[in-house]
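Some notes on the structure that comes next.
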Amino acid sequence: MDNYSEEKTEDYLFKIVLIGDSAVGKSNLLARFARDEFYPNSKSTIGVEFQTQKIGINGKEIKAQIWDTAGQERFRAVTSAYYRGAVGALLVYDISRRQTFDSVGKWLNELHTHSDMNVVTILVGNKSDLNDAREVSTAEGKALAETQGLFFMETSALDSSNVAAAFQTVVREIYSILSRKVMSTELTKQDAPLMGNGKTVVLHGDGGQDGDAESRNGGRCC
C-alpha cells in the first residue's frame, strides 16, 4: 500500500465466513456492514460472494475479507471449499424462524469439518426488528452460544442494529489472539507467514483462553 506509512507495516488479512440457512439475512448483513445498504427484495446468493472491509485496530489496518455463501442445500458441494483459511465466522439465524435456529448445530458441524476448530465464531440472531414475530428468545440464543463457547449478538440488517458490532467483535478477537501469540512467542522466521503486507492470517490453536471474560459467551477462543 503506497500511501500507508512505513511505521504501519503489518497489514493483516482475516478471512471471515457468513454461514446459516437460506434467507436469514446473511447478504444484507454484509451489504449493511460493507456499503451501508439494504435490499428488501434481495435474492438468494448463488455460490459464494465476498467483499473486503478495512478496520483500524491499535493503529494497524485490518482487512476483513468476508465471504457470503448460499444457504440452500443444493449449493453445499460447491461452497464447502470456501471455508478453507477462515479464521472467523458469523453463524446467522432468523429470530422469527425457529427452524433456522434449530439448524445451528448442523452449521457448526460443517464449519468444524471444513475449517480449523478454533475459528472465532459469533452466533447472530438476525432480524431483531421483527420482534413481534419472534420465535426464538434472546435467552435461548445466549444459552446456546454459552453451551457452544460462542460470542452472541442479535442484529437487524434493516435498521443497522449491532451489525458493525458483530463483525468488529470477530475481527477484534482474531487480532487480540494474534497479538497475544506474537507477544508470547516472539515470532521467528518460521512463524513469519502470520505477519506481513497482504498475508492471510492463519491461527493455530494453542488452548489460549485468556482475555476479557465479559466480552465472550463461553470463553471460547483460538
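Letters A, B, ... go to the chains of the C-alpha cells in the order shown; residues in each chain start at 1; ligands are counted from 1 in the same order.
Within region 77-184 of chain A, the backbone-based DSSP assignment of strand (DSSP E or B) covers A:Gly88, A:Ala89, A:Leu90, A:Leu91, A:Val92, A:Tyr93, A:Asp94, A:Val120, A:Thr121, A:Ile122, A:Leu123, A:Val124, A:Gly125, A:Asn126, A:Phe151, A:Phe152, A:Met153, A:Glu154.
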Which residues, written as a PyMOL selection string, have at least one atom at most 10 Å from Leu158 (chain A), with only C-alpha atoms counted and residues fewer than 4 positions away on the same chain left out?
chain A and resi 25+28-29+32+37-40+126-130+163
What separation in Å, quoted to one decimal, exists between CA of Thr113 (chain A) and CA of Tyr83 (chain A)?
9.2 Å
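Coordinates place CA of Lys60 (chain A) at a distance of 27.2 Å from CA of Lys26 (chain A).
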I'd like the contact shell of Leu90 (chain A) - 9 Å cut-off, only C-alpha atoms, skipping same-chain residues fewer than 6 positions apart - returned as a list in words.
Ile16, Val17, Leu18, Ile19, Gly20, Lys26, Val120, Thr121, Ile122, Leu123, Val124, Ala166, Phe167 and Val170 of chain A
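We find CA of Ile95 (chain A) and CA of Glu146 (chain A) to be spaced 17.4 Å apart.
For the residues A:Ala143, A:Ala133, A:Val119, A:Val171, ranking by smallest atom-to-atom distance to Gly56 (chain A) using only C-alpha atoms places A:Val171 first.
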Contact residues around Ala64 (chain A) with only C-alpha atoms at 8 Å, ignoring same-chain residues under 5 positions, as a count of residues only:
9
I'd like the contact shell of region 99-111 of chain A - 9 Å cut-off, only C-alpha atoms, skipping same-chain residues fewer than 6 positions apart - returned as an MDAnalysis selection string.
chainID A and resid 19:22 24 80 83 89 91:93 117 119 123 125 136 141
Take the selection from the previous step and output its residues with all heavy atoms, as a short mmCIF file (atom, residue, chain, number, x, y, z; two decimals), in the first residue's frame.
data_model
loop_
_atom_site.label_atom_id
_atom_site.label_comp_id
_atom_site.auth_asym_id
_atom_site.auth_seq_id
_atom_site.Cartn_x
_atom_site.Cartn_y
_atom_site.Cartn_z
N ILE A 19 -22.31 -17.91 7.54
CA ILE A 19 -22.98 -19.18 7.33
C ILE A 19 -24.35 -19.17 8.01
O ILE A 19 -24.60 -18.37 8.92
CB ILE A 19 -22.14 -20.37 7.85
CG1 ILE A 19 -21.83 -20.21 9.34
CG2 ILE A 19 -20.86 -20.51 7.04
CD1 ILE A 19 -21.07 -21.39 9.93
N GLY A 20 -25.21 -20.06 7.57
CA GLY A 20 -26.56 -20.13 8.12
C GLY A 20 -27.54 -20.49 7.01
O GLY A 20 -27.20 -20.47 5.82
N ASP A 21 -28.75 -20.80 7.40
CA ASP A 21 -29.79 -21.20 6.44
C ASP A 21 -30.08 -20.08 5.43
O ASP A 21 -29.76 -18.91 5.65
CB ASP A 21 -31.08 -21.55 7.17
CG ASP A 21 -31.03 -22.92 7.82
OD1 ASP A 21 -29.99 -23.60 7.71
OD2 ASP A 21 -32.03 -23.31 8.45
N SER A 22 -30.72 -20.48 4.34
CA SER A 22 -31.12 -19.52 3.31
C SER A 22 -32.13 -18.53 3.88
O SER A 22 -32.97 -18.87 4.71
CB SER A 22 -31.74 -20.28 2.14
OG SER A 22 -32.16 -19.39 1.13
N VAL A 24 -31.83 -16.00 5.93
CA VAL A 24 -31.71 -15.48 7.29
C VAL A 24 -31.16 -14.05 7.29
O VAL A 24 -31.12 -13.39 8.33
CB VAL A 24 -30.80 -16.37 8.18
CG1 VAL A 24 -31.44 -17.74 8.36
CG2 VAL A 24 -29.40 -16.48 7.61
N SER A 80 -18.38 -25.75 -0.07
CA SER A 80 -17.69 -26.26 1.12
C SER A 80 -16.22 -25.86 1.16
O SER A 80 -15.67 -25.61 2.24
CB SER A 80 -17.83 -27.79 1.19
OG SER A 80 -17.24 -28.40 0.07
N TYR A 83 -14.57 -22.58 3.07
CA TYR A 83 -14.20 -22.49 4.49
C TYR A 83 -12.68 -22.45 4.67
O TYR A 83 -12.18 -21.99 5.69
CB TYR A 83 -14.73 -23.70 5.25
CG TYR A 83 -16.23 -23.71 5.48
CD1 TYR A 83 -17.06 -24.46 4.66
CD2 TYR A 83 -16.80 -22.99 6.51
CE1 TYR A 83 -18.43 -24.48 4.86
CE2 TYR A 83 -18.17 -23.00 6.73
CZ TYR A 83 -18.97 -23.76 5.89
OH TYR A 83 -20.34 -23.78 6.11
N ALA A 89 -16.04 -16.49 11.81
CA ALA A 89 -17.32 -16.87 11.21
C ALA A 89 -18.47 -16.19 11.94
O ALA A 89 -18.44 -16.04 13.16
CB ALA A 89 -17.51 -18.39 11.26
N LEU A 91 -22.31 -17.06 12.36
CA LEU A 91 -23.32 -18.09 12.15
C LEU A 91 -24.67 -17.44 12.41
O LEU A 91 -25.00 -17.09 13.54
CB LEU A 91 -23.08 -19.26 13.10
CG LEU A 91 -23.67 -20.62 12.72
CD1 LEU A 91 -23.25 -21.69 13.73
CD2 LEU A 91 -25.18 -20.61 12.58
N VAL A 92 -25.45 -17.26 11.35
CA VAL A 92 -26.64 -16.43 11.40
C VAL A 92 -27.92 -17.26 11.37
O VAL A 92 -28.05 -18.21 10.59
CB VAL A 92 -26.66 -15.44 10.20
CG1 VAL A 92 -27.83 -14.47 10.33
CG2 VAL A 92 -25.33 -14.68 10.11
N TYR A 93 -28.87 -16.90 12.24
CA TYR A 93 -30.22 -17.46 12.18
C TYR A 93 -31.21 -16.31 12.21
O TYR A 93 -30.86 -15.16 12.52
CB TYR A 93 -30.48 -18.46 13.31
CG TYR A 93 -30.51 -17.86 14.70
CD1 TYR A 93 -31.71 -17.42 15.26
CD2 TYR A 93 -29.35 -17.74 15.48
CE1 TYR A 93 -31.76 -16.88 16.55
CE2 TYR A 93 -29.39 -17.20 16.75
CZ TYR A 93 -30.59 -16.76 17.28
OH TYR A 93 -30.62 -16.21 18.54
N MET A 117 -10.76 -25.91 13.94
CA MET A 117 -11.72 -25.97 15.05
C MET A 117 -11.74 -24.69 15.87
O MET A 117 -12.67 -24.41 16.60
CB MET A 117 -11.37 -27.15 15.97
CG MET A 117 -11.71 -28.50 15.39
SD MET A 117 -13.49 -28.82 15.34
CE MET A 117 -13.85 -29.00 17.08
N VAL A 119 -11.75 -21.51 14.85
CA VAL A 119 -12.27 -20.32 14.18
C VAL A 119 -13.09 -19.49 15.17
O VAL A 119 -13.95 -20.00 15.87
CB VAL A 119 -13.16 -20.73 12.99
CG1 VAL A 119 -13.88 -19.51 12.42
CG2 VAL A 119 -12.33 -21.39 11.90
N LEU A 123 -22.47 -16.22 17.20
CA LEU A 123 -23.83 -16.62 16.85
C LEU A 123 -24.67 -15.35 16.73
O LEU A 123 -24.73 -14.55 17.68
CB LEU A 123 -24.40 -17.54 17.92
CG LEU A 123 -25.82 -18.06 17.70
CD1 LEU A 123 -25.90 -18.92 16.44
CD2 LEU A 123 -26.29 -18.86 18.92
N GLY A 125 -28.33 -13.66 15.97
CA GLY A 125 -29.77 -13.73 15.78
C GLY A 125 -30.22 -12.52 15.00
O GLY A 125 -30.33 -11.42 15.55
N VAL A 136 -37.69 -17.21 18.50
CA VAL A 136 -36.52 -17.61 19.29
C VAL A 136 -36.18 -16.48 20.25
O VAL A 136 -35.91 -15.35 19.82
CB VAL A 136 -35.30 -17.91 18.39
CG1 VAL A 136 -34.12 -18.38 19.24
CG2 VAL A 136 -35.64 -18.95 17.33
N GLY A 141 -30.91 -17.86 22.53
CA GLY A 141 -29.71 -17.62 21.74
C GLY A 141 -28.48 -17.54 22.61
O GLY A 141 -27.44 -18.15 22.30
#
8 Å contact set for Gln51 (chain A), only C-alpha atoms, chain neighbours under 5 positions out, as a PyMOL selection string
chain A and resi 34+65-67
